[in-house]
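Source file: query33.csv. Holds: CSV, C-alpha atoms and all ligand atoms.
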chain,number,residue,atom,x,y,z
A,491,MET,CA,-68.4,0.6,-71.9
A,492,TYR,CA,-66.2,1.3,-68.8
A,493,TYR,CA,-63.2,1.5,-71.0
A,494,ARG,CA,-64.8,3.9,-73.4
A,495,ILE,CA,-66.1,6.2,-70.6
A,496,ASN,CA,-62.6,6.4,-69.0
A,497,GLU,CA,-60.9,6.8,-72.3
A,498,PHE,CA,-63.3,9.7,-73.2
A,499,ARG,CA,-62.7,11.4,-69.8
A,500,PRO,CA,-66.0,13.1,-69.5
A,501,THR,CA,-66.4,16.4,-67.8
A,502,LYS,CA,-69.4,18.5,-66.7
A,503,ASP,CA,-69.1,20.5,-70.0
A,504,ARG,CA,-68.5,17.5,-72.1
A,505,PRO,CA,-70.4,14.5,-70.7
A,506,PHE,CA,-70.3,11.0,-72.1
A,507,VAL,CA,-73.6,10.3,-73.8
A,508,LEU,CA,-74.5,6.7,-73.5
A,509,GLY,CA,-77.4,4.8,-75.1
A,510,LEU,CA,-78.7,1.9,-72.9
A,511,PRO,CA,-80.7,-1.3,-73.4
A,512,THR,CA,-82.8,-3.5,-71.1
A,513,GLY,CA,-83.5,-7.2,-71.2
A,514,SER,CA,-81.7,-10.1,-69.7
A,515,SER,CA,-78.6,-9.7,-72.0
A,516,PRO,CA,-77.2,-6.5,-70.3
A,517,GLU,CA,-78.0,-7.6,-66.7
A,518,GLN,CA,-74.5,-9.0,-66.1
A,519,ILE,CA,-72.9,-6.0,-67.7
A,520,TYR,CA,-74.7,-3.7,-65.4
A,521,ALA,CA,-73.7,-5.9,-62.4
A,522,ASN,CA,-70.1,-5.6,-63.5
A,523,ILE,CA,-70.4,-1.8,-63.9
A,524,VAL,CA,-71.9,-1.5,-60.4
A,525,ASP,CA,-68.9,-3.5,-59.1
A,526,MET,CA,-66.5,-1.2,-60.9
A,527,TYR,CA,-68.3,1.9,-59.6
A,528,ARG,CA,-68.1,0.5,-56.0
A,529,SER,CA,-64.4,-0.1,-56.4
A,530,GLY,CA,-63.9,3.5,-57.6
A,531,LYS,CA,-63.0,2.6,-61.2
A,532,VAL,CA,-65.8,4.5,-62.9
A,533,SER,CA,-68.1,7.4,-62.2
A,534,PHE,CA,-71.4,8.4,-63.8
A,535,LYS,CA,-71.3,12.0,-62.6
A,536,ASN,CA,-70.6,13.3,-66.1
A,537,VAL,CA,-72.5,10.6,-68.0
A,538,VAL,CA,-75.8,11.3,-69.7
A,539,THR,CA,-78.0,8.3,-70.5
A,540,PHE,CA,-80.7,7.7,-73.1
A,541,ASN,CA,-82.6,4.4,-72.9
A,542,MET,CA,-83.7,2.7,-76.0
A,543,ASP,CA,-87.3,1.9,-75.2
A,544,GLU,CA,-90.1,1.7,-72.7
A,545,TYR,CA,-93.4,-0.1,-72.6
A,546,VAL,CA,-96.6,1.8,-73.2
A,547,GLY,CA,-99.6,1.0,-70.9
A,548,ILE,CA,-97.9,0.2,-67.6
A,549,PRO,CA,-96.8,2.9,-65.2
A,550,THR,CA,-93.1,3.6,-64.7
A,551,SER,CA,-93.5,2.3,-61.2
A,552,HIS,CA,-94.5,-1.2,-62.5
A,553,PRO,CA,-91.8,-3.7,-61.6
A,554,GLN,CA,-91.4,-4.7,-65.2
A,555,SER,CA,-91.2,-1.2,-66.7
A,556,TYR,CA,-87.9,-0.5,-68.3
A,557,HIS,CA,-87.7,2.5,-65.9
A,558,SER,CA,-87.8,0.1,-62.9
A,559,PHE,CA,-85.4,-2.2,-64.6
A,560,MET,CA,-82.8,0.5,-65.1
A,561,PHE,CA,-83.0,1.8,-61.5
A,562,LYS,CA,-82.9,-1.7,-60.1
A,563,HIS,CA,-79.9,-2.8,-62.1
A,564,LEU,CA,-77.9,0.4,-62.6
A,565,PHE,CA,-79.1,3.9,-61.7
A,566,GLN,CA,-79.9,3.4,-58.0
A,567,HIS,CA,-76.4,2.0,-57.4
A,568,VAL,CA,-74.2,4.6,-59.2
A,569,ASP,CA,-73.6,8.4,-58.9
A,570,ILE,CA,-75.5,9.5,-62.0
A,571,PRO,CA,-77.5,12.7,-61.3
A,572,PRO,CA,-81.3,12.0,-61.9
A,573,ASN,CA,-81.6,14.8,-64.4
A,574,GLN,CA,-79.0,13.1,-66.6
A,575,ILE,CA,-81.2,10.0,-67.1
A,576,HIS,CA,-83.6,9.9,-70.0
A,577,LEU,CA,-86.1,7.2,-70.9
A,578,PRO,CA,-88.5,7.5,-73.9
A,579,SER,CA,-92.2,8.0,-73.0
A,580,LEU,CA,-95.5,9.0,-74.6
A,581,GLU,CA,-94.8,12.5,-73.3
A,582,ASN,CA,-91.3,13.0,-74.8
A,583,TYR,CA,-90.9,10.7,-77.8
A,584,GLY,CA,-91.5,13.4,-80.3
A,585,GLU,CA,-88.6,15.3,-78.9
A,586,TYR,CA,-86.4,12.4,-78.0
A,587,ASP,CA,-84.0,12.5,-81.0
A,588,ASN,CA,-83.7,16.3,-80.5
A,589,MET,CA,-82.9,15.8,-76.9
A,590,ILE,CA,-80.1,13.4,-77.9
A,591,ALA,CA,-78.9,15.9,-80.5
A,592,LYS,CA,-78.8,18.7,-78.0
A,593,HIS,CA,-76.5,16.6,-75.9
A,594,GLY,CA,-74.2,16.2,-78.9
A,595,GLY,CA,-75.4,12.8,-80.0
A,596,ILE,CA,-74.9,9.4,-78.5
A,597,GLU,CA,-71.2,8.4,-78.1
A,598,LEU,CA,-71.8,4.7,-77.5
A,599,PHE,CA,-75.1,2.8,-77.9
A,600,LEU,CA,-75.1,-0.5,-76.1
A,601,CYS,CA,-77.8,-2.7,-77.6
A,602,GLY,CA,-79.4,-6.1,-77.3
A,603,VAL,CA,-81.3,-8.0,-80.0
A,604,GLY,CA,-84.5,-9.9,-80.1
A,605,SER,CA,-84.5,-13.4,-81.6
A,606,ASP,CA,-86.4,-12.0,-84.6
A,607,GLY,CA,-83.6,-9.5,-85.1
A,608,HIS,CA,-85.3,-6.4,-83.6
A,609,ILE,CA,-83.1,-3.8,-82.0
A,610,ALA,CA,-84.8,-1.7,-79.3
A,611,PHE,CA,-88.4,-2.4,-80.3
A,612,ASN,CA,-87.8,-1.9,-84.0
A,613,GLU,CA,-89.9,-4.9,-84.9
A,614,PRO,CA,-89.6,-6.6,-88.3
A,615,GLY,CA,-90.8,-4.2,-91.0
A,616,SER,CA,-89.6,-1.1,-89.2
A,617,SER,CA,-88.1,1.6,-91.4
A,618,LEU,CA,-84.3,1.7,-91.3
A,619,ALA,CA,-84.7,5.5,-91.4
A,620,SER,CA,-87.0,5.5,-88.3
A,621,LYS,CA,-86.6,7.8,-85.3
A,622,THR,CA,-88.2,7.6,-81.9
A,623,ARG,CA,-91.9,6.6,-82.0
A,624,VAL,CA,-94.5,4.3,-80.8
A,625,LYS,CA,-94.5,0.7,-82.2
A,626,THR,CA,-97.0,-2.1,-81.8
A,627,LEU,CA,-95.2,-5.2,-80.6
A,628,THR,CA,-95.3,-8.4,-82.6
A,629,ASN,CA,-96.8,-11.6,-81.2
A,630,ASP,CA,-93.3,-13.1,-81.1
A,631,THR,CA,-92.0,-10.3,-78.9
A,632,ILE,CA,-95.0,-10.5,-76.6
A,633,VAL,CA,-94.5,-14.2,-76.2
A,634,ALA,CA,-90.8,-13.8,-75.7
A,635,ASN,CA,-91.3,-11.1,-73.0
A,636,ALA,CA,-94.1,-12.9,-71.2
A,637,ARG,CA,-91.4,-14.5,-69.0
A,638,PHE,CA,-91.1,-11.2,-67.3
A,639,PHE,CA,-94.8,-11.1,-66.6
A,640,ASN,CA,-95.2,-14.5,-64.9
A,641,GLY,CA,-95.6,-16.1,-68.3
A,642,ASP,CA,-98.9,-14.3,-68.8
A,643,ILE,CA,-99.1,-13.1,-72.4
A,644,ASN,CA,-102.1,-10.9,-71.6
A,645,ALA,CA,-100.1,-9.0,-69.1
A,646,VAL,CA,-97.4,-8.0,-71.6
A,647,PRO,CA,-98.0,-4.5,-73.0
A,648,LYS,CA,-99.0,-4.4,-76.7
A,649,SER,CA,-96.9,-1.4,-77.7
A,650,ALA,CA,-93.8,0.5,-76.7
A,651,VAL,CA,-92.0,3.7,-77.3
A,652,THR,CA,-88.7,3.0,-79.0
A,653,VAL,CA,-85.8,4.8,-80.5
A,654,GLY,CA,-85.6,4.3,-84.3
A,655,VAL,CA,-83.2,2.3,-86.3
A,656,LYS,CA,-81.7,5.6,-87.5
A,657,THR,CA,-81.4,6.8,-83.9
A,658,VAL,CA,-79.1,3.8,-83.2
A,659,LEU,CA,-77.2,4.2,-86.4
A,660,ASP,CA,-76.6,7.9,-85.5
A,661,ALA,CA,-74.6,6.9,-82.5
A,662,ARG,CA,-70.8,7.1,-82.9
A,663,GLU,CA,-70.2,3.6,-81.8
A,664,VAL,CA,-72.6,0.6,-81.3
A,665,ILE,CA,-71.9,-2.5,-79.2
A,666,LEU,CA,-74.5,-5.3,-79.6
A,667,ILE,CA,-74.6,-8.1,-77.1
A,668,ALA,CA,-76.3,-11.5,-77.8
A,669,ASP,CA,-76.1,-14.6,-75.8
A,670,GLY,CA,-77.6,-18.1,-76.3
A,671,ARG,CA,-78.8,-20.4,-79.1
A,672,ALA,CA,-82.1,-18.4,-79.4
A,673,LYS,CA,-80.1,-15.5,-80.8
A,674,ALA,CA,-78.1,-17.5,-83.3
A,675,GLU,CA,-80.3,-16.7,-86.4
A,676,ALA,CA,-80.4,-13.0,-85.4
A,677,VAL,CA,-76.6,-13.0,-85.1
A,678,ARG,CA,-76.3,-14.7,-88.5
A,679,GLN,CA,-78.6,-12.1,-90.1
A,680,ALA,CA,-76.6,-9.3,-88.4
A,681,VAL,CA,-73.4,-10.6,-89.9
A,682,GLU,CA,-74.3,-12.4,-93.2
A,683,GLY,CA,-77.9,-11.3,-94.0
A,684,SER,CA,-78.9,-8.7,-96.6
A,685,ILE,CA,-79.6,-5.3,-95.1
A,686,SER,CA,-83.4,-5.3,-94.8
A,687,HIS,CA,-86.2,-3.9,-92.6
A,688,VAL,CA,-87.3,-7.5,-92.0
A,689,TRP,CA,-84.3,-8.1,-89.7
A,690,THR,CA,-83.7,-4.6,-88.4
A,691,VAL,CA,-80.4,-5.6,-86.8
A,692,THR,CA,-78.9,-5.9,-90.3
A,693,ALA,CA,-78.9,-2.1,-90.5
A,694,LEU,CA,-75.9,-2.1,-88.2
A,695,GLN,CA,-73.8,-3.5,-91.0
A,696,MET,CA,-73.9,0.1,-92.4
A,697,HIS,CA,-72.3,1.4,-89.1
A,698,PRO,CA,-68.6,2.2,-89.4
A,699,LYS,CA,-68.0,1.4,-85.7
A,700,PHE,CA,-70.2,-1.6,-84.8
A,701,ILE,CA,-68.9,-4.4,-82.5
A,702,MET,CA,-70.8,-7.5,-81.6
A,703,ALA,CA,-70.1,-9.3,-78.3
A,704,VAL,CA,-71.6,-12.7,-78.4
A,705,ASP,CA,-71.2,-16.1,-76.7
A,706,GLU,CA,-70.5,-19.3,-78.5
A,707,ALA,CA,-74.1,-20.5,-78.7
A,708,ALA,CA,-75.1,-17.3,-80.4
A,709,THR,CA,-72.6,-18.0,-83.2
A,710,GLU,CA,-74.0,-21.4,-84.1
A,711,GLU,CA,-75.6,-20.3,-87.4
A,712,LEU,CA,-72.5,-18.5,-88.6
B,801,LIG,C1,-86.8,-6.6,-75.8
B,801,LIG,C2,-86.1,-5.2,-75.8
B,801,LIG,C3,-84.9,-5.2,-76.6
B,801,LIG,C4,-84.0,-6.4,-76.3
B,801,LIG,C5,-84.7,-7.6,-76.5
B,801,LIG,C6,-83.9,-8.9,-76.2
B,801,LIG,O1,-87.7,-6.8,-76.7
B,801,LIG,N1,-87.0,-4.2,-76.3
B,801,LIG,O2,-84.2,-4.0,-76.5
B,801,LIG,O3,-82.8,-6.3,-77.0
B,801,LIG,O4,-85.9,-7.7,-75.8
B,801,LIG,O5,-83.9,-9.1,-74.8
B,801,LIG,P1,-83.1,-10.1,-74.0
B,801,LIG,O6,-81.8,-9.6,-73.8
B,801,LIG,O7,-83.9,-10.3,-72.7
B,801,LIG,O8,-83.1,-11.4,-74.8
Is it possible to express this structure as structure tokens?
Ligand code: GLP
Amino acid sequence: MYYRINEFRPTKDRPFVLGLPTGSSPEQIYANIVDMYRSGKVSFKNVVTFNMDEYVGIPTSHPQSYHSFMFKHLFQHVDIPPNQIHLPSLENYGEYDNMIAKHGGIELFLCGVGSDGHIAFNEPGSSLASKTRVKTLTNDTIVANARFFNGDINAVPKSAVTVGVKTVLDAREVILIADGRAKAEAVRQAVEGSISHVWTVTALQMHPKFIMAVDEAATEEL
């Protein structure tokens, strides 16, 4: 991500448009980027960001909102102007893909994956042609994300605003990160599975510039 931003050499008139995920997978990446920023190796002054998703039903000020996550792990530590930060919401989701298009499209989408193969909150069964919209979360996702809500399944929001599969596919480059044994089946599907809306990550096989960055445990089903 740092390499691509520097290679692109963004300017005020031609900013680097970056799609960003939340979750535990990108935490270390954000920590590394903050270190790079602090040592003067990267600047976000001419970077425009679009986050993938956000819960519905908790305020943005909630400590577990993706808004809070992004400020805590990245935005509050770097020089990105607040008006260049975008997160999807109930207010803007109908316009979100247009907003991305108005900025010239996403240059690089960094992306995590759920153990059931969802990208952003494109749960199994999501259309591969989908754009930004509201999705009901599956029970598997609610259970998986309860760890962020003191293990309380009832505290996890039941729906979210999410970019669509097509929104991700429209980016000029996609990097997917997956760590740990729990992601091994999703990684297998992403690499060897048939393209299907059951494992939405498989849609990335159609992307001409798709890279996966995984640890060894996540490759165990390959
Ligand atoms: C959530 C997010 C996804 C993320 C996934 C995996 O459901 N909506 O964008 O990729 O979790 O998260 P983690 O990296 O914490 O395993």
10 Å shell around ligand LIG 801 (chain B) using only C-alpha atoms and all ligand atoms, listed as a PyMOL selection string: chain A and resi 510-517+541-545+556+600-613+627-628+630-632+634-635+637-638+650-653+666-670+672-673
Which residues are near Pro553 of chain A? Cut-off 10 Å, all atoms listed in the file, ignore same chain within fewer than 5 positions. Put them as a PyMOL selection string. chain A and resi 548+558-559+562+638-639
Out of A:Pro647, A:Val704, A:Leu694, A:Thr622, which residue has the shortest atom-to-atom distance to His552 of chain A when counting all atoms listed in the file?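 For His552 of chain A, the nearest of the given residues is A:Pro647.
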Given only C-alpha atoms as the basis, pick out the residue of A:Lys648, A:His687, A:His576, A:His557 nearest to Ser620 of chain A.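 Nearest candidate to Ser620 of chain A out of A:Lys648, A:His687, A:His576, A:His557: A:His687.
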Within 7 Å of segment 533-537 of chain A, which residues of segment 546-663 of chain A show up? Give each one with its shortest atom-to-atom distance in Å (one decimal) and the two atoms involved, counting all atoms listed in the file, rows by chain then rising residue number, as a Markdown table.
| residue | atom | partner | partner_atom | distance |
| --- | --- | --- | --- | --- |
| A:Val568 | CA | A:Phe534 | CA | 6.6 |
| A:Asp569 | CA | A:Phe534 | CA | 5.4 |
| A:Ile570 | CA | A:Phe534 | CA | 4.6 |
| A:Pro571 | CA | A:Lys535 | CA | 6.4 |
Deliver the residues from the most recent selection as a file, using C-alpha atoms, as a PDB file, keeping the file's coordinate frame.
ATOM      1  CA  VAL A 568     -74.200   4.600 -59.200  1.00  0.00           C
ATOM      2  CA  ASP A 569     -73.600   8.400 -58.900  1.00  0.00           C
ATOM      3  CA  ILE A 570     -75.500   9.500 -62.000  1.00  0.00           C
ATOM      4  CA  PRO A 571     -77.500  12.700 -61.300  1.00  0.00           C
TER       5      PRO A 571
END
So what do you get for atom CA of Tyr520 of chain A versus atom CA of Ser555 of chain A, distance-wise?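 Distance between the two atoms: 16.7 Å.
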For segment 493-497 of chain A, list every protein, DNA or RNA residue within 8 Å, evaluated using only C-alpha atoms, and leave out those in the same chain fewer than 2 positions away; present the list as a list in words.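 Returned residues: Met491, Arg499, Pro500, Phe506 and Val532 of chain A.
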Which residue gives the smallest distance to Lys699 of chain A among A:Arg662, A:Lys592, A:Lys656, A:Lys625, with all atoms listed in the file counted?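 Answer, going by the shortest atom-to-atom distance: A:Arg662.
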Atom CA of Ala521 of chain A to atom CA of Ala708 of chain A: how many Å, to one decimal?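 Between atom CA of Ala521 of chain A and atom CA of Ala708 of chain A the gap works out to 21.4 Å.
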